[in-house]
>>> print(open('input32.txt').read())   # compact mmCIF, C-alpha atoms
# COMPACT_ATOMS: atom_id res chain seq x y z
CA MET X 1 -28.71 16.44 3.57
CA SER X 2 -32.14 17.87 4.14
CA THR X 3 -34.64 16.28 6.48
CA THR X 4 -37.30 16.38 3.76
CA THR X 5 -38.40 12.87 2.69
CA VAL X 6 -35.05 11.41 3.72
CA GLY X 7 -36.63 8.31 5.12
CA ALA X 8 -39.01 7.65 2.26
CA PRO X 9 -38.56 4.36 0.40
CA GLY X 10 -36.57 4.71 -2.79
CA THR X 11 -35.52 8.27 -2.02
CA PRO X 12 -31.74 7.80 -2.57
CA ARG X 13 -32.32 6.33 -6.02
CA ARG X 14 -34.84 9.02 -6.93
CA TYR X 15 -32.49 11.69 -5.57
CA LEU X 16 -29.55 10.46 -7.64
CA HIS X 17 -31.72 10.17 -10.75
CA SER X 18 -33.02 13.71 -10.30
CA LEU X 19 -29.50 14.96 -9.57
CA TRP X 20 -28.25 13.52 -12.84
CA LEU X 21 -31.19 14.91 -14.83
CA LEU X 22 -30.69 18.42 -13.43
CA SER X 23 -26.93 18.33 -14.00
CA ALA X 24 -27.37 17.03 -17.56
CA ARG X 25 -29.89 19.81 -18.18
CA ASP X 26 -27.37 22.42 -17.02
CA LEU X 27 -24.73 21.04 -19.37
CA ARG X 28 -27.14 20.88 -22.33
CA VAL X 29 -28.23 24.46 -21.80
CA ARG X 30 -24.64 25.63 -21.44
CA TYR X 31 -23.41 23.92 -24.60
CA SER X 32 -26.48 24.19 -26.84
CA THR X 33 -26.68 27.99 -26.52
CA SER X 34 -22.99 28.53 -27.29
CA ALA X 35 -21.24 28.32 -30.64
CA LEU X 36 -17.98 27.28 -28.98
CA GLY X 37 -19.66 24.69 -26.75
CA TYR X 38 -17.04 22.45 -25.12
CA LEU X 39 -14.27 24.97 -25.75
CA TRP X 40 -15.72 27.24 -23.05
CA SER X 41 -14.75 24.57 -20.50
CA VAL X 42 -11.09 25.09 -21.31
CA LEU X 43 -10.89 28.57 -22.84
CA ASP X 44 -10.98 30.49 -19.56
CA PRO X 45 -8.17 28.55 -17.80
CA LEU X 46 -6.14 28.48 -21.04
CA VAL X 47 -6.32 32.25 -21.45
CA MET X 48 -5.48 32.82 -17.79
CA SER X 49 -2.57 30.37 -18.02
CA ALA X 50 -1.23 32.09 -21.13
CA ILE X 51 -1.38 35.50 -19.46
CA TYR X 52 0.36 34.42 -16.27
CA TRP X 53 2.91 32.37 -18.21
CA PHE X 54 3.77 35.38 -20.38
CA VAL X 55 3.98 37.80 -17.45
CA PHE X 56 6.07 35.56 -15.21
CA THR X 57 8.37 34.06 -17.85
CA GLN X 58 8.71 36.73 -20.55
CA VAL X 59 8.19 40.04 -18.73
CA PHE X 60 9.40 39.42 -15.18
CA GLN X 61 12.00 37.14 -13.69
CA ARG X 62 9.98 34.40 -12.03
CA ASP X 63 11.09 32.77 -8.79
CA VAL X 64 7.87 30.92 -7.91
CA GLY X 65 6.29 27.70 -9.09
CA GLU X 66 7.89 24.78 -10.92
CA GLU X 67 9.14 24.01 -14.42
CA PRO X 68 7.50 23.64 -16.88
CA TYR X 69 5.57 26.61 -15.57
CA ILE X 70 2.69 26.28 -18.06
CA VAL X 71 1.90 22.78 -16.75
CA PHE X 72 2.24 24.07 -13.19
CA LEU X 73 -0.27 26.85 -13.95
CA ILE X 74 -2.85 24.70 -15.73
CA SER X 75 -2.78 22.02 -13.03
CA GLY X 76 -3.89 24.70 -10.56
CA LEU X 77 -6.17 26.78 -12.75
CA LEU X 78 -8.39 23.91 -13.93
CA PRO X 79 -9.56 22.92 -10.41
CA TRP X 80 -9.77 26.63 -9.52
CA VAL X 81 -12.26 27.22 -12.36
CA TRP X 82 -14.35 24.32 -10.99
CA PHE X 83 -14.25 25.89 -7.52
CA ASN X 84 -14.83 29.49 -8.62
CA SER X 85 -17.69 28.77 -11.04
CA SER X 86 -19.42 26.51 -8.51
CA VAL X 87 -19.29 29.02 -5.65
CA SER X 88 -20.46 31.79 -8.00
CA ASP X 89 -23.47 29.70 -9.00
CA PHE X 90 -24.24 28.82 -5.36
CA THR X 91 -25.21 32.44 -4.77
CA LYS X 92 -28.15 32.02 -7.20
CA ALA X 93 -28.90 28.34 -6.61
CA PHE X 94 -32.33 28.87 -5.03
CA LYS X 95 -33.43 32.12 -6.66
CA ARG X 96 -32.89 30.87 -10.20
CA ASP X 97 -35.38 27.99 -9.81
CA SER X 98 -37.41 29.29 -6.87
CA ARG X 99 -40.69 27.75 -8.07
CA LEU X 100 -39.18 24.28 -8.34
CA VAL X 101 -37.36 24.66 -5.05
CA ARG X 102 -40.64 25.42 -3.27
CA SER X 103 -42.65 22.66 -4.92
CA THR X 104 -40.20 19.75 -5.11
CA ALA X 105 -40.45 16.81 -2.72
CA ILE X 106 -36.78 15.96 -3.23
CA PRO X 107 -34.32 17.26 -0.59
CA ARG X 108 -33.43 20.83 -1.49
CA SER X 109 -29.72 20.08 -1.20
CA ILE X 110 -30.05 18.82 -4.77
CA TRP X 111 -29.94 22.45 -6.01
CA VAL X 112 -26.44 22.71 -4.55
CA ASN X 113 -25.23 19.25 -5.50
CA ARG X 114 -26.31 19.58 -9.14
CA ILE X 115 -24.00 22.60 -9.47
CA VAL X 116 -21.08 20.65 -7.97
CA LEU X 117 -21.75 17.73 -10.31
CA SER X 118 -22.22 19.71 -13.53
CA LYS X 119 -19.16 21.88 -12.87
CA GLY X 120 -17.22 18.75 -11.89
CA ILE X 121 -18.09 17.13 -15.23
CA GLU X 122 -16.83 20.25 -17.00
CA PHE X 123 -13.62 19.93 -14.99
CA LEU X 124 -13.22 16.35 -16.22
CA PHE X 125 -13.84 17.55 -19.78
CA SER X 126 -10.96 20.02 -19.37
CA LEU X 127 -8.38 17.46 -18.19
CA PRO X 128 -7.42 16.42 -21.76
CA VAL X 129 -6.01 19.94 -22.18
CA LEU X 130 -3.65 19.39 -19.25
CA ALA X 131 -2.72 15.99 -20.70
CA ALA X 132 -1.99 17.62 -24.07
CA PHE X 133 0.43 20.12 -22.53
CA VAL X 134 2.16 17.33 -20.62
CA ILE X 135 2.55 15.26 -23.79
CA VAL X 136 3.87 18.24 -25.77
CA ASN X 137 6.38 18.93 -23.01
CA MET X 138 7.57 15.32 -23.07
CA ILE X 139 7.86 15.30 -26.88
CA THR X 140 9.70 18.62 -27.12
CA GLU X 141 12.38 17.69 -24.61
CA THR X 142 15.34 20.10 -24.49
CA GLU X 143 18.45 20.32 -22.35
CA SER X 144 17.35 23.64 -20.81
CA ALA X 145 13.77 22.66 -20.00
CA ARG X 146 12.57 20.29 -17.32
CA VAL X 147 10.55 17.39 -18.68
CA VAL X 148 7.42 16.34 -16.82
CA GLN X 149 7.72 12.88 -15.32
CA ILE X 150 4.38 11.29 -14.47
CA GLY X 151 4.82 9.29 -11.27
CA TRP X 152 2.92 7.57 -8.49
CA GLY X 153 1.54 10.95 -7.44
CA ILE X 154 -1.16 10.65 -10.09
CA LEU X 155 -2.95 8.30 -7.67
CA TRP X 156 -3.72 11.35 -5.54
CA LEU X 157 -5.90 12.85 -8.30
CA PRO X 158 -9.14 11.04 -7.25
CA VAL X 159 -8.44 11.96 -3.61
CA ALA X 160 -8.05 15.62 -4.58
CA MET X 161 -11.33 15.52 -6.51
CA LEU X 162 -13.16 13.85 -3.62
CA LEU X 163 -11.89 16.44 -1.12
CA GLN X 164 -12.90 19.24 -3.49
CA VAL X 165 -16.39 17.74 -3.73
CA PHE X 166 -16.61 17.69 0.09
CA LEU X 167 -15.44 21.31 0.23
CA LEU X 168 -17.79 22.52 -2.50
CA VAL X 169 -20.86 20.74 -1.14
CA GLY X 170 -20.16 22.18 2.31
CA LEU X 171 -19.68 25.69 0.94
CA GLY X 172 -22.76 25.34 -1.25
CA LEU X 173 -24.91 24.36 1.71
CA LEU X 174 -23.61 27.49 3.47
CA VAL X 175 -23.62 30.01 0.64
CA ALA X 176 -26.88 29.09 -1.13
CA PRO X 177 -29.29 29.59 1.81
CA LEU X 178 -27.43 32.63 3.18
CA CYS X 179 -27.52 34.38 -0.21
CA ALA X 180 -31.23 33.57 -0.54
CA LEU X 181 -31.85 35.29 2.79
CA TYR X 182 -29.37 38.16 2.44
CA ALA X 183 -29.07 39.52 -1.11
CA ASP X 184 -25.92 41.56 -0.43
CA LEU X 185 -23.94 38.38 0.22
CA GLU X 186 -23.97 37.60 -3.51
CA ARG X 187 -21.66 40.53 -4.30
CA THR X 188 -19.66 39.90 -1.15
CA THR X 189 -19.00 36.34 -2.30
CA GLY X 190 -17.64 37.65 -5.59
CA LEU X 191 -15.18 39.90 -3.78
CA ILE X 192 -14.08 37.06 -1.51
CA LEU X 193 -13.44 34.83 -4.54
CA ARG X 194 -11.20 37.47 -6.11
CA ALA X 195 -9.11 37.71 -2.95
CA LEU X 196 -9.08 33.93 -2.52
CA PHE X 197 -7.54 33.45 -5.96
CA TYR X 198 -4.36 35.19 -4.83
CA ALA X 199 -4.49 33.55 -1.40
CA THR X 200 -4.48 30.11 -3.04
CA PRO X 201 -1.27 28.51 -4.40
CA ILE X 202 -2.16 28.69 -8.10
CA ILE X 203 0.48 30.94 -9.64
CA TYR X 204 2.88 29.99 -6.86
CA SER X 205 3.43 26.93 -4.66
CA VAL X 206 2.99 26.40 -0.94
CA SER X 207 6.77 26.30 -0.48
CA ASN X 208 7.06 29.82 -1.94
CA LEU X 209 5.15 31.34 0.98
CA PRO X 210 7.37 33.05 3.58
CA ALA X 211 6.72 32.79 7.31
CA PRO X 212 4.19 33.31 8.84
CA PHE X 213 2.06 33.16 5.67
CA ASP X 214 3.02 29.53 5.07
CA VAL X 215 1.27 28.58 8.32
CA ILE X 216 -1.73 30.82 7.65
CA GLY X 217 -2.00 29.63 4.06
CA ALA X 218 -2.11 25.99 5.15
CA PHE X 219 -5.57 26.63 6.64
CA ASN X 220 -6.90 27.43 3.19
CA PRO X 221 -8.29 23.97 2.30
CA LEU X 222 -7.57 24.61 -1.39
CA ALA X 223 -3.84 24.66 -0.61
CA GLY X 224 -3.84 21.01 0.41
CA ILE X 225 -6.21 19.99 -2.39
CA PHE X 226 -4.13 21.72 -5.09
CA THR X 227 -1.00 20.11 -3.66
CA LEU X 228 -2.57 16.72 -4.36
CA TYR X 229 -3.53 17.74 -7.91
CA ARG X 230 0.08 18.65 -8.68
CA MET X 231 1.61 15.52 -7.19
CA ALA X 232 1.28 13.69 -10.52
CA PHE X 233 3.77 16.04 -12.18
CA PHE X 234 5.61 17.78 -9.33
CA PRO X 235 6.39 15.33 -6.51
CA ASP X 236 8.53 17.98 -4.79
CA GLN X 237 5.28 19.82 -4.03
CA TRP X 238 4.38 17.33 -1.29
CA HIS X 239 3.54 19.03 2.04
CA LEU X 240 2.02 16.52 4.43
CA THR X 241 0.87 19.10 7.01
CA THR X 242 -0.86 21.22 4.38
CA VAL X 243 -2.61 18.18 2.89
CA ILE X 244 -3.83 16.95 6.29
CA ILE X 245 -5.09 20.41 7.29
CA GLY X 246 -6.83 20.76 3.91
CA ALA X 247 -8.57 17.40 4.29
CA VAL X 248 -9.71 18.16 7.85
CA MET X 249 -10.93 21.64 6.88
CA SER X 250 -12.89 20.24 3.92
CA VAL X 251 -14.69 17.69 6.12
CA LEU X 252 -15.38 20.30 8.82
CA ILE X 253 -16.81 22.73 6.26
CA LEU X 254 -19.02 19.94 4.91
CA ALA X 255 -20.32 19.18 8.43
CA LEU X 256 -20.90 22.89 9.10
CA GLY X 257 -22.72 23.27 5.80
CA VAL X 258 -25.07 20.37 6.56
CA TRP X 259 -25.90 21.84 9.99
CA VAL X 260 -26.48 25.38 8.65
CA PHE X 261 -28.55 24.13 5.73
CA ARG X 262 -30.86 22.17 8.00
CA ALA X 263 -31.30 25.20 10.24
CA LEU X 264 -32.03 27.62 7.38
CA GLU X 265 -34.06 25.48 4.99
CA ARG X 266 -37.48 26.54 6.29
CA PRO X 267 -36.64 30.28 6.46
CA VAL X 268 -35.34 30.09 2.89
CA LEU X 269 -38.54 28.44 1.66
CA LYS X 270 -40.57 31.24 3.29
CA GLU X 271 -38.33 33.86 1.69
CA LEU X 272 -38.72 32.32 -1.78
>>> encode(input="input32.txt", output="structure tokens")
Amino acid sequence: MSTTTVGAPGTPRRYLHSLWLLSARDLRVRYSTSALGYLWSVLDPLVMSAIYWFVFTQVFQRDVGEEPYIVFLISGLLPWVWFNSSVSDFTKAFKRDSRLVRSTAIPRSIWVNRIVLSKGIEFLFSLPVLAAFVIVNMITETESARVVQIGWGILWLPVAMLLQVFLLVGLGLLVAPLCALYADLERTTGLILRALFYATPIIYSVSNLPAPFDVIGAFNPLAGIFTLYRMAFFPDQWHLTTVIIGAVMSVLILALGVWVFRALERPVLKEL
């Protein structure tokens, strides 16, 4: 995605090899310095799910989402953690390894893509937790509780992941260079992420949004992506318009990110 050494022989292979090494290093550092290790990949979304489940099922009368609500929550919170942690790390992508960024001959987009890959692997590691809740729900079937039925919608899972990769890479190519040039944008990004959590159908569904917020919310690319994630368990969540808009927005953000990154790469290297 950078013009640096793109045409050199063997560059794609070297790029992918370096991308894997950097991502594996991130995972080793994350897990080797923590006593809980792998559990940190699932602890955050599990705690958040438990809190929202308790509030909306035990404290207040809930009229949003689907049953079983805990599966509905986790199926949205797991990809959100991937998105949120990636964007947060984008703000420090170049500053954290500034010496390597300046000296490397590999396209500098690798410092964005390694975050997307390492956080994506953590997302995959967390999927067994979702599967466990689905299995428990199916085993503990009761007359009053809806049982999850896994259907053809599970085929949309790889599509959802691919669109999220497009979206994250595009945002990373935007956020990383801008935060390297303008330090205040790091805190601004954190505030935007907090607001975006509630603007994204995680604790509620797209169909719960009243007019005109249903139209406005459709232009949040995460709305369409999260709809695809939930199709495996909640086929009633299908909203074709939202999915199409989300896919188009993800591709457009990727294209915008590539253009901005190419324009700002040299100024960023001077700033570092």
>>> closest_atom_pairs(input="input32.txt", of="range 131-180 of chain X", to="range 238-245 of chain X", cutoff="12 Å", atoms="only C-alpha atoms", output="tab-separated table")
residue	atom	partner	partner_atom	distance
X:Gly153	CA	X:Trp238	CA	9.3
X:Trp156	CA	X:Val243	CA	10.9
X:Val159	CA	X:Val243	CA	10.7
X:Ala160	CA	X:Val243	CA	9.6
X:Leu163	CA	X:Val243	CA	10.3
>>> atom_distance(input="input32.txt", atom1="CA of Arg14 in chain X", atom2="CA of Gly257 in chain X")
22.6 Å
>>> closest_residue(input="input32.txt", among="X:Met231, X:Ala180, X:Leu27, X:Ile253", to="Ser98 in chain X", atoms="all atoms listed in the file")
X:Ala180
>>> residues_around(input="input32.txt", residues="Pro221 in chain X", least_positions_apart="2", cutoff="10 Å", atoms="all atoms listed in the file", output="list in words")
Leu163, Gln164, Leu167, Thr200, Gly217, Ala218, Phe219, Ala223, Gly224, Ile225, Phe226, Thr242, Val243, Ile244, Ile245, Gly246, Ala247, Val248, Met249, Ser250, Val251 and Ile253 of chain X
>>> closest_residue(input="input32.txt", among="X:Arg62, X:Leu209, X:Ser118, X:Leu100", to="Tyr31 in chain X", atoms="all atoms listed in the file")
X:Ser118
>>> atom_distance(input="input32.txt", atom1="CA of Ile203 in chain X", atom2="CA of Leu73 in chain X")
6.0 Å
>>> atom_distance(input="input32.txt", atom1="CA of Val101 in chain X", atom2="CA of Arg114 in chain X")
12.8 Å
>>> closest_residue(input="input32.txt", among="X:Gly151, X:Pro267, X:Pro12, X:Pro201", to="Glu66 in chain X", atoms="only C-alpha atoms")
X:Pro201
>>> closest_residue(input="input32.txt", among="X:Ser103, X:Ser75, X:Ser86, X:Ser109", to="Thr227 in chain X", atoms="all atoms listed in the file")
X:Ser75
>>> residues_around(input="input32.txt", residues="Ser49 in chain X", least_positions_apart="2", cutoff="9 Å", atoms="only C-alpha atoms", output="MDAnalysis selection string")
chainID X and resid 44:47 51:54 70:71 73:74 77 203
>>> axis_aligned_box(input="input32.txt", around="range 42-57 of chain X", padding_each_side="6 Å", output="lines of an AutoDock Vina configuration file")
center_x = -1.4
center_y = 31.4
center_z = -19.0
size_x = 31.5
size_y = 24.7
size_z = 19.6
>>> closest_residue(input="input32.txt", among="X:Phe60, X:Phe72, X:Phe90, X:Trp152", to="Ile115 in chain X", atoms="all atoms listed in the file")
X:Phe90
>>> residues_around(input="input32.txt", residues="Glu265 in chain X", least_positions_apart="6", cutoff="12 Å", atoms="all atoms listed in the file", output="PyMOL selection string")
chain X and resi 1-4+94+101-102+107-109+173-174+176-178+180-181+257-259+271-272
>>> closest_residue(input="input32.txt", among="X:Trp111, X:Val148, X:Glu122, X:Gln61", to="Arg30 in chain X", atoms="all atoms listed in the file")
X:Glu122
